$ cat upload.tsv   # TSV, C-alpha atoms
chain	number	residue	atom	x	y	z
L	27	VAL	CA	-9.66	18.30	-4.59
L	28	GLU	CA	-10.32	21.91	-3.64
L	29	ARG	CA	-9.29	21.27	-0.04
L	30	ALA	CA	-6.18	19.37	-1.08
L	31	GLU	CA	-5.16	22.26	-3.34
L	32	LEU	CA	-5.15	24.50	-0.24
L	33	ALA	CA	-2.04	22.59	0.82
L	34	LEU	CA	-0.17	23.93	-2.23
L	35	ASP	CA	2.09	26.89	-1.52
L	36	GLU	CA	5.67	27.21	-2.76
L	37	ARG	CA	6.76	29.07	0.39
L	38	VAL	CA	4.82	27.67	3.35
L	39	GLY	CA	2.64	24.80	2.15
L	40	PRO	CA	3.11	21.09	2.85
L	41	LEU	CA	3.18	20.72	-0.94
L	42	SER	CA	5.17	23.05	-3.15
L	43	THR	CA	4.05	22.26	-6.69
L	44	VAL	CA	1.95	19.89	-8.74
L	45	GLY	CA	2.07	19.35	-12.48
L	46	GLU	CA	0.67	17.05	-15.12
L	47	LEU	CA	3.30	14.73	-16.59
L	48	GLU	CA	1.13	12.50	-18.77
L	49	SER	CA	-2.42	12.63	-20.07
L	50	PHE	CA	-2.79	9.23	-21.74
L	51	PRO	CA	-3.63	6.40	-21.20
L	52	VAL	CA	-4.34	7.93	-17.78
L	53	PRO	CA	-3.81	11.45	-16.46
L	54	TYR	CA	-0.69	11.42	-14.30
L	55	TYR	CA	0.42	14.20	-11.95
L	56	MET	CA	3.64	14.72	-10.02
L	57	THR	CA	3.68	16.53	-6.66
L	58	THR	CA	6.68	18.17	-5.01
L	59	LEU	CA	6.70	18.14	-1.21
L	60	ALA	CA	8.05	20.85	1.05
L	61	GLU	CA	11.44	20.06	2.57
L	62	THR	CA	10.36	18.31	5.75
L	63	GLY	CA	13.88	18.48	7.16
L	64	ALA	CA	13.23	22.16	7.90
L	65	LEU	CA	10.31	21.18	10.15
L	66	GLY	CA	11.63	18.06	11.85
L	67	ASP	CA	14.36	15.46	11.89
L	68	ALA	CA	13.53	13.59	8.67
L	69	SER	CA	13.68	14.52	5.00
L	70	ALA	CA	10.91	12.88	2.99
L	71	PRO	CA	11.40	12.02	-0.68
L	72	ARG	CA	10.45	15.23	-2.47
L	73	ARG	CA	8.35	13.81	-5.30
L	74	THR	CA	5.27	11.61	-5.43
L	75	GLY	CA	2.97	10.76	-8.32
L	76	GLY	CA	-0.61	9.78	-8.83
L	77	ALA	CA	-2.86	8.72	-11.68
L	78	GLY	CA	-6.60	8.44	-12.08
L	79	ALA	CA	-9.35	7.65	-14.52
L	80	ASP	CA	-9.94	11.39	-14.94
L	81	TRP	CA	-8.00	14.55	-14.19
L	82	ASN	CA	-9.65	15.31	-10.83
L	83	ARG	CA	-9.04	11.80	-9.51
L	84	ALA	CA	-5.45	11.84	-10.73
L	85	LEU	CA	-4.82	15.24	-9.16
L	86	MET	CA	-6.33	14.11	-5.85
L	87	ARG	CA	-4.27	10.92	-5.91
L	88	ALA	CA	-1.05	12.87	-6.45
L	89	LEU	CA	-1.87	15.46	-3.79
L	90	GLY	CA	-2.97	12.75	-1.36
L	91	GLU	CA	0.22	10.75	-1.85
L	92	GLY	CA	2.21	13.90	-1.18
L	93	LEU	CA	0.32	14.71	2.01
L	94	GLU	CA	0.75	11.13	3.26
L	95	ARG	CA	4.51	11.26	2.78
L	96	TYR	CA	4.71	14.73	4.30
L	97	ALA	CA	2.72	13.73	7.39
L	98	ALA	CA	4.85	10.64	8.00
L	99	ALA	CA	8.06	12.68	7.93
L	100	VAL	CA	7.20	15.68	10.12
L	101	TYR	CA	8.40	14.70	13.58
L	102	ARG	CA	11.10	15.50	16.13
L	103	GLY	CA	13.14	12.71	17.62
L	104	THR	CA	12.99	14.46	20.99
L	105	ASP	CA	9.19	14.07	20.98
L	106	LEU	CA	9.39	10.28	20.67
L	107	ARG	CA	9.24	8.15	23.78
L	108	ARG	CA	12.45	6.20	24.30
L	109	ALA	CA	12.26	3.12	26.51
L	110	PRO	CA	13.22	-0.57	26.62
L	111	PRO	CA	10.43	-2.88	25.40
L	112	ALA	CA	10.40	-4.67	28.76
L	113	THR	CA	9.38	-1.50	30.60
L	114	LEU	CA	6.18	-0.81	28.62
L	115	SER	CA	3.04	-2.63	29.71
L	116	ARG	CA	1.15	-2.20	26.43
L	117	ALA	CA	3.66	-2.31	23.63
L	118	VAL	CA	3.90	-4.13	20.31
L	119	GLY	CA	7.62	-4.77	20.04
L	120	PRO	CA	9.76	-5.07	16.91
L	121	ASP	CA	9.81	-8.87	17.18
L	122	ALA	CA	6.04	-8.98	16.54
L	123	PHE	CA	6.64	-7.76	12.98
L	124	VAL	CA	7.95	-9.51	9.89
L	125	ARG	CA	11.62	-8.52	9.72
L	126	PRO	CA	14.64	-9.40	7.57
L	127	ASP	CA	16.56	-12.53	8.49
L	128	ASP	CA	19.64	-10.41	9.17
L	129	ALA	CA	17.83	-7.99	11.50
L	130	PRO	CA	19.36	-7.88	14.98
L	131	ALA	CA	17.70	-9.76	17.81
L	132	VAL	CA	15.40	-7.60	19.91
L	133	ASP	CA	16.89	-6.96	23.34
L	134	PRO	CA	14.01	-6.28	25.77
L	135	GLU	CA	16.34	-4.11	27.87
L	136	ASP	CA	17.64	-2.01	24.97
L	137	PRO	CA	15.82	1.35	24.63
L	138	ILE	CA	14.17	2.20	21.31
L	139	GLU	CA	11.86	4.99	20.12
L	140	TRP	CA	8.09	4.51	20.36
L	141	VAL	CA	4.93	6.25	19.15
L	142	GLY	CA	1.36	5.87	20.34
L	143	ALA	CA	-1.14	3.78	18.39
L	144	VAL	CA	-4.74	2.63	18.58
L	145	ASP	CA	-5.61	-1.07	18.72
L	146	LEU	CA	-8.39	-0.97	16.14
L	147	ALA	CA	-10.10	-4.18	17.21
L	148	ALA	CA	-10.26	-3.00	20.82
L	149	ARG	CA	-11.40	0.51	19.81
L	150	LEU	CA	-14.26	-0.83	17.70
L	151	ALA	CA	-15.24	-3.32	20.41
L	152	ASP	CA	-15.51	-0.96	23.38
L	153	GLY	CA	-13.23	2.07	23.14
L	154	ASP	CA	-12.78	2.16	26.92
L	155	GLY	CA	-9.18	3.35	26.94
L	156	THR	CA	-7.56	-0.09	26.81
L	157	ASP	CA	-7.06	0.38	23.07
L	158	LEU	CA	-3.96	2.61	23.37
L	159	VAL	CA	-0.60	0.94	22.82
L	160	HIS	CA	2.97	1.78	21.84
L	161	VAL	CA	4.54	0.64	18.56
L	162	PRO	CA	8.11	1.10	17.30
L	163	ALA	CA	8.60	4.53	15.76
L	164	GLU	CA	10.87	2.89	13.21
L	165	ALA	CA	7.86	0.96	11.85
L	166	ALA	CA	5.48	3.92	11.84
L	167	LEU	CA	7.41	6.96	10.62
L	168	PHE	CA	8.85	7.50	7.15
L	169	PRO	CA	11.70	8.10	6.83
L	170	PRO	CA	12.25	6.37	10.18
L	171	PRO	CA	14.34	7.88	12.99
L	172	THR	CA	16.64	4.83	12.83
L	173	GLU	CA	17.00	1.86	10.49
L	174	ARG	CA	17.82	-1.05	12.71
L	175	HIS	CA	14.99	-3.55	12.97
L	176	PHE	CA	13.04	-2.90	9.75
L	177	ARG	CA	13.47	-1.98	6.12
L	178	ARG	CA	11.90	1.32	5.26
L	179	VAL	CA	8.54	1.00	3.49
L	180	THR	CA	5.47	3.19	3.13
L	181	THR	CA	2.87	0.41	3.29
L	182	GLY	CA	-0.08	1.41	5.47
L	183	LEU	CA	0.12	5.18	5.07
L	184	GLY	CA	-3.41	6.48	4.68
L	185	LEU	CA	-5.05	9.85	4.11
L	186	GLY	CA	-8.71	10.72	4.38
L	187	SER	CA	-11.14	13.52	5.06
L	188	ASP	CA	-11.67	11.99	8.51
L	189	PRO	CA	-10.02	9.29	10.66
L	190	VAL	CA	-12.26	6.50	9.33
L	191	GLY	CA	-11.36	7.29	5.73
L	192	ALA	CA	-7.66	7.50	6.54
L	193	VAL	CA	-7.65	4.17	8.38
L	194	LEU	CA	-9.61	2.48	5.58
L	195	SER	CA	-6.99	3.68	3.10
L	196	GLY	CA	-4.11	2.35	5.16
L	197	LEU	CA	-5.81	-0.95	6.04
L	198	THR	CA	-6.67	-1.86	2.48
L	199	GLU	CA	-3.10	-1.22	1.37
L	200	VAL	CA	-1.75	-3.63	4.00
L	201	ILE	CA	-4.32	-6.28	3.03
L	202	GLU	CA	-3.56	-5.79	-0.67
L	203	ARG	CA	0.18	-6.24	-0.30
L	204	ASP	CA	-0.09	-9.22	2.02
L	205	ALA	CA	-2.32	-11.02	-0.50
L	206	ALA	CA	-0.15	-10.05	-3.47
L	207	MET	CA	2.95	-11.53	-1.85
L	208	LEU	CA	1.30	-14.70	-0.53
L	209	SER	CA	-0.35	-15.45	-3.86
L	210	TRP	CA	2.82	-14.80	-5.89
L	211	TYR	CA	5.22	-16.77	-3.70
L	212	SER	CA	3.13	-19.94	-3.73
L	213	THR	CA	1.35	-22.27	-6.14
L	214	TYR	CA	-1.84	-20.25	-5.57
L	215	GLU	CA	-3.99	-20.08	-8.71
L	216	PRO	CA	-5.68	-16.70	-9.20
L	217	LEU	CA	-9.09	-16.46	-10.82
L	218	SER	CA	-9.71	-14.06	-13.69
L	219	LEU	CA	-12.55	-11.58	-13.28
L	220	ALA	CA	-15.05	-10.09	-15.70
L	221	VAL	CA	-15.70	-6.52	-14.57
L	222	GLU	CA	-18.83	-4.67	-15.65
L	223	ASP	CA	-18.24	-1.04	-14.76
L	224	ASP	CA	-18.27	2.09	-16.92
L	225	THR	CA	-15.06	3.56	-15.52
L	226	TYR	CA	-13.26	0.23	-15.78
L	227	GLU	CA	-14.38	-0.17	-19.39
L	228	THR	CA	-13.16	3.35	-20.18
L	229	LEU	CA	-9.74	2.41	-18.83
L	230	VAL	CA	-9.76	-0.82	-20.86
L	231	ARG	CA	-10.48	1.14	-24.04
L	232	ARG	CA	-7.63	3.53	-23.32
L	233	ALA	CA	-5.32	0.59	-22.72
L	234	ARG	CA	-6.33	-0.94	-26.04
L	235	SER	CA	-5.39	2.29	-27.81
L	236	GLU	CA	-1.81	1.56	-26.65
L	237	ASP	CA	-2.16	-2.06	-27.89
L	238	LEU	CA	-2.41	-3.21	-24.28
L	239	ARG	CA	-4.54	-6.16	-23.26
L	240	VAL	CA	-6.02	-6.16	-19.76
L	241	THR	CA	-6.40	-9.07	-17.34
L	242	ALA	CA	-8.08	-8.71	-13.93
L	243	LEU	CA	-7.43	-11.38	-11.31
L	244	LEU	CA	-8.80	-12.18	-7.87
L	245	VAL	CA	-5.85	-12.88	-5.54
L	246	THR	CA	-7.63	-12.92	-2.16
L	247	VAL	CA	-6.05	-15.37	0.26
L	248	ASP	CA	-7.14	-16.01	3.87
L	249	VAL	CA	-8.19	-12.46	4.77
L	250	ASP	CA	-11.72	-12.43	3.37
L	251	VAL	CA	-11.50	-9.07	1.58
L	252	PRO	CA	-11.48	-8.81	-2.23
L	253	VAL	CA	-7.97	-8.20	-3.56
L	254	VAL	CA	-7.60	-7.65	-7.30
L	255	THR	CA	-4.47	-7.58	-9.45
L	256	ALA	CA	-4.75	-6.00	-12.90
L	257	ALA	CA	-2.14	-6.75	-15.55
L	258	VAL	CA	-1.61	-4.81	-18.78
L	259	HIS	CA	0.48	-6.47	-21.46
L	260	ARG	CA	1.50	-6.21	-25.12
L	261	GLU	CA	4.26	-7.29	-27.51
L	262	GLU	CA	6.30	-4.06	-27.50
L	263	TRP	CA	8.27	-2.58	-24.57
L	264	PRO	CA	7.09	-1.99	-21.92
L	265	ARG	CA	5.46	-5.38	-22.36
L	266	PHE	CA	3.98	-5.86	-18.90
L	267	ALA	CA	2.92	-3.97	-15.77
L	268	VAL	CA	0.64	-4.70	-12.85
L	269	GLY	CA	-1.37	-2.89	-10.22
L	270	THR	CA	-3.20	-4.19	-7.15
L	271	ASP	CA	-5.92	-2.99	-4.82
L	272	ALA	CA	-8.12	-4.25	-2.00
L	273	ALA	CA	-11.62	-2.99	-1.23
L	274	VAL	CA	-14.86	-4.25	0.27
L	275	ASP	CA	-16.24	-4.00	-3.28
L	276	PRO	CA	-14.32	-6.07	-5.88
L	277	VAL	CA	-15.38	-3.76	-8.73
L	278	THR	CA	-13.84	-0.80	-6.91
L	279	ALA	CA	-10.70	-2.86	-6.31
L	280	ALA	CA	-10.52	-3.80	-10.01
L	281	ARG	CA	-10.97	-0.20	-11.10
L	282	THR	CA	-8.20	1.05	-8.83
L	283	ALA	CA	-5.89	-1.86	-9.68
L	284	LEU	CA	-6.21	-1.16	-13.40
L	285	THR	CA	-5.56	2.54	-12.83
L	286	GLU	CA	-2.41	1.64	-10.92
L	287	ALA	CA	-1.30	-0.82	-13.60
L	288	LEU	CA	-1.64	1.88	-16.24
L	289	GLN	CA	0.20	4.34	-14.00
L	290	ASN	CA	3.06	1.87	-13.57
L	291	TRP	CA	3.11	1.17	-17.31
L	292	THR	CA	3.17	4.91	-18.03
L	293	GLU	CA	6.07	5.39	-15.61
L	294	LEU	CA	7.99	2.59	-17.33
L	295	ARG	CA	7.37	4.17	-20.73
L	296	SER	CA	8.62	7.52	-19.43
L	297	MET	CA	11.76	6.00	-17.87
L	298	GLY	CA	12.74	3.93	-20.87
L	299	PRO	CA	14.43	0.51	-20.71
L	300	GLU	CA	17.87	1.61	-19.48
L	301	ARG	CA	16.66	3.75	-16.60
L	302	ALA	CA	14.00	1.23	-15.61
L	303	ARG	CA	16.67	-1.44	-15.22
L	304	GLU	CA	18.31	0.65	-12.49
L	305	GLU	CA	15.28	0.20	-10.22
L	306	PRO	CA	15.67	-2.22	-7.26
L	307	THR	CA	12.32	-3.79	-8.12
L	308	ALA	CA	11.80	-6.34	-10.90
L	309	ILE	CA	9.52	-4.11	-12.97
L	310	ALA	CA	12.06	-3.73	-15.79
L	311	ARG	CA	12.58	-7.49	-15.99
L	312	TYR	CA	8.88	-8.02	-16.60
L	313	ALA	CA	8.65	-5.04	-18.93
L	314	ASP	CA	11.36	-6.78	-20.99
L	315	ASP	CA	9.85	-10.25	-20.73
L	316	PRO	CA	6.73	-11.20	-18.72
L	317	GLY	CA	8.26	-14.64	-18.21
L	318	PRO	CA	7.03	-16.14	-14.93
L	319	ALA	CA	4.17	-13.62	-14.80
L	320	ARG	CA	2.52	-15.30	-17.77
L	321	ARG	CA	0.67	-17.57	-15.35
L	322	LEU	CA	-1.31	-14.48	-14.34
L	323	LEU	CA	-2.42	-14.10	-17.94
L	324	ASP	CA	-3.58	-17.72	-18.23
L	325	ALA	CA	-5.78	-17.90	-15.14
L	326	ASP	CA	-9.04	-19.82	-15.05
L	327	GLY	CA	-12.32	-17.95	-15.46
L	328	PRO	CA	-13.46	-15.36	-15.89
L	329	VAL	CA	-16.14	-15.08	-13.25
L	330	PRO	CA	-18.26	-11.94	-12.77
L	331	ALA	CA	-16.65	-9.61	-10.23
L	332	ASP	CA	-20.04	-9.06	-8.63
L	333	SER	CA	-20.24	-12.77	-7.83
L	334	VAL	CA	-17.40	-12.53	-5.30
L	335	ALA	CA	-18.87	-9.49	-3.53
L	336	ASP	CA	-20.52	-9.42	-0.12
L	337	GLU	CA	-23.45	-7.20	0.77
L	338	PRO	CA	-22.31	-3.56	0.69
L	339	PRO	CA	-21.61	-2.18	4.19
L	340	ALA	CA	-24.14	0.32	5.48
L	341	SER	CA	-21.50	2.98	6.19
L	342	ARG	CA	-17.76	3.60	6.08
L	343	ARG	CA	-17.56	2.74	9.77
L	344	ALA	CA	-19.30	-0.55	8.99
L	345	ALA	CA	-16.75	-1.11	6.21
L	346	LEU	CA	-13.95	-0.48	8.69
L	347	SER	CA	-15.46	-2.93	11.18
L	348	ARG	CA	-15.70	-5.55	8.45
L	349	LEU	CA	-12.05	-5.17	7.48
L	350	VAL	CA	-10.87	-5.31	11.08
L	351	ASP	CA	-13.05	-8.33	11.88
L	352	ARG	CA	-11.68	-10.22	8.88
L	353	LEU	CA	-8.10	-9.43	9.77
L	354	VAL	CA	-8.70	-10.64	13.33
L	355	ALA	CA	-10.32	-13.81	11.95
L	356	ALA	CA	-7.02	-14.45	10.14
L	357	ASP	CA	-5.08	-13.98	13.42
L	358	LEU	CA	-3.92	-10.50	12.43
L	359	ARG	CA	-4.37	-7.46	14.66
L	360	PRO	CA	-4.29	-3.96	13.13
L	361	TYR	CA	-3.08	-0.76	14.78
L	362	ALA	CA	-3.38	2.86	13.64
L	363	VAL	CA	-0.79	5.55	14.40
L	364	PRO	CA	-2.09	9.15	14.19
L	365	LEU	CA	0.26	11.25	12.07
L	366	THR	CA	-1.67	14.41	11.16
L	367	PRO	CA	0.47	17.58	11.41
L	368	ARG	CA	-1.34	20.84	12.17
L	369	ASP	CA	-0.98	22.21	8.65
L	370	VAL	CA	-2.51	19.06	7.14
L	371	ASP	CA	-5.33	19.18	9.69
L	372	ARG	CA	-6.02	22.82	8.78
L	373	VAL	CA	-6.82	21.89	5.19
L	374	GLY	CA	-9.22	19.20	6.38
L	375	PHE	CA	-7.33	15.91	6.15
L	376	THR	CA	-6.30	13.14	8.52
L	377	ALA	CA	-3.16	11.04	8.08
L	378	VAL	CA	-2.41	7.70	9.74
L	379	ARG	CA	-0.04	4.79	9.50
L	380	VAL	CA	-1.74	1.40	9.77
L	381	LEU	CA	0.45	-1.42	11.05
L	382	VAL	CA	-0.50	-5.10	11.00
L	383	PRO	CA	2.50	-6.80	12.63
L	384	GLY	CA	2.07	-10.32	11.24
L	385	ALA	CA	1.13	-9.32	7.71
L	386	GLN	CA	3.50	-10.28	4.90
L	387	PRO	CA	5.17	-7.09	3.63
L	388	LEU	CA	5.83	-6.24	0.01
L	389	PHE	CA	9.61	-5.93	-0.20
L	390	VAL	CA	11.10	-3.49	-2.70
L	391	ASP	CA	14.55	-5.04	-3.07
L	392	VAL	CA	13.54	-8.26	-4.81
L	393	ASP	CA	17.07	-9.65	-4.57
L	394	SER	CA	16.84	-9.56	-0.77
L	395	PRO	CA	13.38	-10.93	0.07
L	396	VAL	CA	11.72	-10.78	3.48
L	397	PHE	CA	9.28	-13.53	4.41
L	398	GLY	CA	7.26	-14.04	7.55
L	399	GLU	CA	5.50	-17.01	9.06
L	400	ARG	CA	2.37	-16.39	6.97
L	401	ALA	CA	4.29	-16.93	3.74
L	402	ARG	CA	4.89	-20.51	4.84
L	403	ARG	CA	1.71	-21.30	6.76
L	404	VAL	CA	-1.16	-19.71	4.80
L	405	PRO	CA	-0.55	-21.38	1.40
L	406	ALA	CA	-0.49	-24.80	3.11
L	407	GLU	CA	-3.73	-24.06	4.95
L	408	LEU	CA	-5.38	-23.15	1.65
L	409	GLY	CA	-4.13	-26.29	-0.10
L	410	PHE	CA	-1.21	-24.72	-1.96
L	411	GLU	CA	2.56	-24.88	-1.61
L	412	SER	CA	4.76	-22.07	-0.39
L	413	ARG	CA	7.38	-21.11	-2.99
L	414	PRO	CA	9.66	-18.46	-1.47
L	415	ASP	CA	12.27	-19.32	-4.13
L	416	ARG	CA	10.02	-18.27	-7.01
L	417	SER	CA	11.14	-15.60	-9.45
L	418	ALA	CA	11.00	-12.07	-8.08
L	419	HIS	CA	7.54	-10.55	-7.80
L	420	PRO	CA	6.46	-8.03	-10.47
L	421	TYR	CA	5.00	-5.41	-8.12
L	422	PRO	CA	6.64	-1.96	-7.92
$ encode --input "upload.tsv" --output "structure tokens"
Amino acid sequence: VERAELALDERVGPLSTVGELESFPVPYYMTTLAETGALGDASAPRRTGGAGADWNRALMRALGEGLERYAAAVYRGTDLRRAPPATLSRAVGPDAFVRPDDAPAVDPEDPIEWVGAVDLAARLADGDGTDLVHVPAEAALFPPPTERHFRRVTTGLGLGSDPVGAVLSGLTEVIERDAAMLSWYSTYEPLSLAVEDDTYETLVRRARSEDLRVTALLVTVDVDVPVVTAAVHREEWPRFAVGTDAAVDPVTAARTALTEALQNWTELRSMGPERAREEPTAIARYADDPGPARRLLDADGPVPADSVADEPPASRRAALSRLVDRLVAADLRPYAVPLTPRDVDRVGFTAVRVLVPGAQPLFVDVDSPVFGERARRVPAELGFESRPDRSAHPYP
């Protein structure tokens, strides 16, 4: 936290201000970013929030979210390589990614902007220089230099005290959102979890003080990494909110998912019903009436969270290798784009954007869904049915 606070300076810092907005059921901070348009060609959203089980964790979450967004927006278009896909020998083109149905066809002779990336599987295997590739700048930067082939999302942005930590953060977010979408838009049946953890129990008690009940669910699909959705629900508005996380340890995932669910619930409470209904997501619909999400609250189980855990990895690098190996086993290949600006590096942090081209993205505009091949194939392989026409997902 102390290092992250070094980034705070109203005149010259990456982050201008931070302030506590809520203290219960979880501490919740809001960070204001510097105007990135003064430093490059993109203007990042100025505000980000973060919550945690205690004040230090909440503050770090808010500062970290701000630094991620800042790092992804500080670039000059003139520094990006511009070339047709057909002319690059090691490039992951736009057509490798899940894109909207109405996205234009990719012309291999039409120049687009590119940034450098690391093929994580190749880097971990040998690191002999064949791990460097180009990926579309539009998929890596936020806000993107153009909006042609993709919808703008922040999935995969990661921040850490070193490159391994940053990549772990971005990878787990991609895995989490892929699993959340595949499990929701199918007949997949999640399994409820019993979580024995002091921090988790503290969060449950705080939720109960707001008359909220808590349900934790395992929603892991074919990527063999624990993904947990936590739902908080009650009879009064806001009646329902969810959070999701992936981690090598399911207890850690459950703890973070519940923190996020309480953050999302707190944000709904602060917005109120009318303002919440203006959001492009379906969060207000479920805050009004859990409706189709009730199946999450009636899942089989519970089973102990520890029972779905593997042996703990020996190190963070071992954890990274495990995540990459399990993505590759599911026919997914992850890439990491270095994003760290000098001022973020000076305060001791690394920022990356992790891209997994075939992964199912979490789409924000629930009335205009985006589905990839995995949304159809994976449920069938696991013995379920794909249901892309299901009611809109409840994730923010």
$ atom_distance --input "upload.tsv" --atom1 "atom CA of Ala97 of chain L" --atom2 "atom CA of Pro162 of chain L"
16.9 Å
$ residues_near_point --input "upload.tsv" --point "(13.5, 15.6, 3.3)" --cutoff "12 Å" --atoms "all atoms listed in the file" --output "VMD selection string"
chain L and resid 40 58 to 73 95 to 101 168 to 170
$ closest_residue --input "upload.tsv" --among "L:Arg342, L:Arg107, L:Arg359, L:Arg116" --to "Ala148 of chain L" --atoms "all atoms listed in the file"
L:Arg359
$ residues_around --input "upload.tsv" --residues "Ala77 of chain L" --least-positions-apart "4" --cutoff "8 Å" --atoms "only C-alpha atoms" --output "VMD selection string"
chain L and resid 52 to 55 83 to 85 87 to 88 285 to 286 289
$ write_last_selection --input "upload.tsv" --atoms "C-alpha atoms" --output "CSV table (one decimal), in the frame of the given file"
chain,number,residue,atom,x,y,z
L,52,VAL,CA,-4.3,7.9,-17.8
L,53,PRO,CA,-3.8,11.4,-16.5
L,54,TYR,CA,-0.7,11.4,-14.3
L,55,TYR,CA,0.4,14.2,-12.0
L,83,ARG,CA,-9.0,11.8,-9.5
L,84,ALA,CA,-5.4,11.8,-10.7
L,85,LEU,CA,-4.8,15.2,-9.2
L,87,ARG,CA,-4.3,10.9,-5.9
L,88,ALA,CA,-1.0,12.9,-6.4
L,285,THR,CA,-5.6,2.5,-12.8
L,286,GLU,CA,-2.4,1.6,-10.9
L,289,GLN,CA,0.2,4.3,-14.0
$ residues_around --input "upload.tsv" --residues "segment 303-320 of chain L" --least-positions-apart "4" --cutoff "7 Å" --atoms "all atoms listed in the file" --output "short mmCIF file (atom, residue, chain, number, x, y, z; two decimals) with C-alpha atoms, in the frame of the given file"
data_model
loop_
_atom_site.label_atom_id
_atom_site.label_comp_id
_atom_site.auth_asym_id
_atom_site.auth_seq_id
_atom_site.Cartn_x
_atom_site.Cartn_y
_atom_site.Cartn_z
CA TRP L 263 8.27 -2.58 -24.57
CA PRO L 264 7.09 -1.99 -21.92
CA ARG L 265 5.46 -5.38 -22.36
CA PHE L 266 3.98 -5.86 -18.90
CA ALA L 267 2.92 -3.97 -15.77
CA PRO L 299 14.43 0.51 -20.71
CA ASP L 324 -3.58 -17.72 -18.23
CA VAL L 390 11.10 -3.49 -2.70
CA ASP L 391 14.55 -5.04 -3.07
CA VAL L 392 13.54 -8.26 -4.81
CA SER L 417 11.14 -15.60 -9.45
CA ALA L 418 11.00 -12.07 -8.08
CA HIS L 419 7.54 -10.55 -7.80
CA PRO L 420 6.46 -8.03 -10.47
CA TYR L 421 5.00 -5.41 -8.12
CA PRO L 422 6.64 -1.96 -7.92
#
$ residues_around --input "upload.tsv" --residues "segment 244-246 of chain L" --least-positions-apart "5" --cutoff "7 Å" --atoms "all atoms listed in the file" --output "list in words"
Ala205, Ala206, Ser209, Pro216, Leu217, Ser218, Leu219, Val251, Pro252, Val253, Val254 and Thr255 of chain L
$ write_last_selection --input "upload.tsv" --atoms "C-alpha atoms" --output "short mmCIF file (atom, residue, chain, number, x, y, z; two decimals), in the coordinates of the input"
data_model
loop_
_atom_site.label_atom_id
_atom_site.label_comp_id
_atom_site.auth_asym_id
_atom_site.auth_seq_id
_atom_site.Cartn_x
_atom_site.Cartn_y
_atom_site.Cartn_z
CA ALA L 205 -2.32 -11.02 -0.50
CA ALA L 206 -0.15 -10.05 -3.47
CA SER L 209 -0.35 -15.45 -3.86
CA PRO L 216 -5.68 -16.70 -9.20
CA LEU L 217 -9.09 -16.46 -10.82
CA SER L 218 -9.71 -14.06 -13.69
CA LEU L 219 -12.55 -11.58 -13.28
CA VAL L 251 -11.50 -9.07 1.58
CA PRO L 252 -11.48 -8.81 -2.23
CA VAL L 253 -7.97 -8.20 -3.56
CA VAL L 254 -7.60 -7.65 -7.30
CA THR L 255 -4.47 -7.58 -9.45
#
$ residues_around --input "upload.tsv" --residues "segment 347-357 of chain L" --least-positions-apart "5" --cutoff "10 Å" --atoms "all atoms listed in the file" --output "PyMOL selection string"
chain L and resi 146-147+150-151+194+197-198+201+247-251+273-274+339+341-342+382+384-385+404
$ atom_distance --input "upload.tsv" --atom1 "atom CA of Asp133 of chain L" --atom2 "atom CA of Asp121 of chain L"
9.6 Å
$ atom_distance --input "upload.tsv" --atom1 "atom CA of Ala165 of chain L" --atom2 "atom CA of Ala272 of chain L"
21.8 Å
$ decode --input "upload.tsv" --residues "segment 198-207 of chain L" --atoms "N, CA and C atoms" --output "PDB file, in the first residue's frame"
ATOM      1  N   THR L 198      -5.905 -14.789 -14.252  1.00  0.00           N
ATOM      2  CA  THR L 198      -7.037 -15.293 -13.479  1.00  0.00           C
ATOM      3  C   THR L 198      -8.321 -14.556 -13.837  1.00  0.00           C
ATOM      4  N   GLU L 199      -8.213 -13.277 -14.205  1.00  0.00           N
ATOM      5  CA  GLU L 199      -9.428 -12.558 -14.594  1.00  0.00           C
ATOM      6  C   GLU L 199      -9.999 -13.111 -15.897  1.00  0.00           C
ATOM      7  N   VAL L 200      -9.132 -13.436 -16.853  1.00  0.00           N
ATOM      8  CA  VAL L 200      -9.618 -14.019 -18.106  1.00  0.00           C
ATOM      9  C   VAL L 200     -10.279 -15.372 -17.847  1.00  0.00           C
ATOM     10  N   ILE L 201      -9.635 -16.211 -17.032  1.00  0.00           N
ATOM     11  CA  ILE L 201     -10.182 -17.533 -16.715  1.00  0.00           C
ATOM     12  C   ILE L 201     -11.525 -17.397 -16.006  1.00  0.00           C
ATOM     13  N   GLU L 202     -11.590 -16.471 -15.056  1.00  0.00           N
ATOM     14  CA  GLU L 202     -12.827 -16.246 -14.293  1.00  0.00           C
ATOM     15  C   GLU L 202     -13.992 -15.879 -15.204  1.00  0.00           C
ATOM     16  N   ARG L 203     -13.760 -14.959 -16.114  1.00  0.00           N
ATOM     17  CA  ARG L 203     -14.865 -14.466 -16.941  1.00  0.00           C
ATOM     18  C   ARG L 203     -15.279 -15.478 -18.000  1.00  0.00           C
ATOM     19  N   ASP L 204     -14.328 -16.222 -18.516  1.00  0.00           N
ATOM     20  CA  ASP L 204     -14.657 -17.299 -19.442  1.00  0.00           C
ATOM     21  C   ASP L 204     -15.570 -18.312 -18.760  1.00  0.00           C
ATOM     22  N   ALA L 205     -15.211 -18.740 -17.562  1.00  0.00           N
ATOM     23  CA  ALA L 205     -16.014 -19.738 -16.845  1.00  0.00           C
ATOM     24  C   ALA L 205     -17.381 -19.185 -16.467  1.00  0.00           C
ATOM     25  N   ALA L 206     -17.428 -17.924 -16.030  1.00  0.00           N
ATOM     26  CA  ALA L 206     -18.706 -17.330 -15.643  1.00  0.00           C
ATOM     27  C   ALA L 206     -19.684 -17.314 -16.811  1.00  0.00           C
ATOM     28  N   MET L 207     -19.200 -16.964 -17.991  1.00  0.00           N
ATOM     29  CA  MET L 207     -20.075 -16.906 -19.162  1.00  0.00           C
ATOM     30  C   MET L 207     -20.493 -18.300 -19.630  1.00  0.00           C
TER      31      MET L 207
END
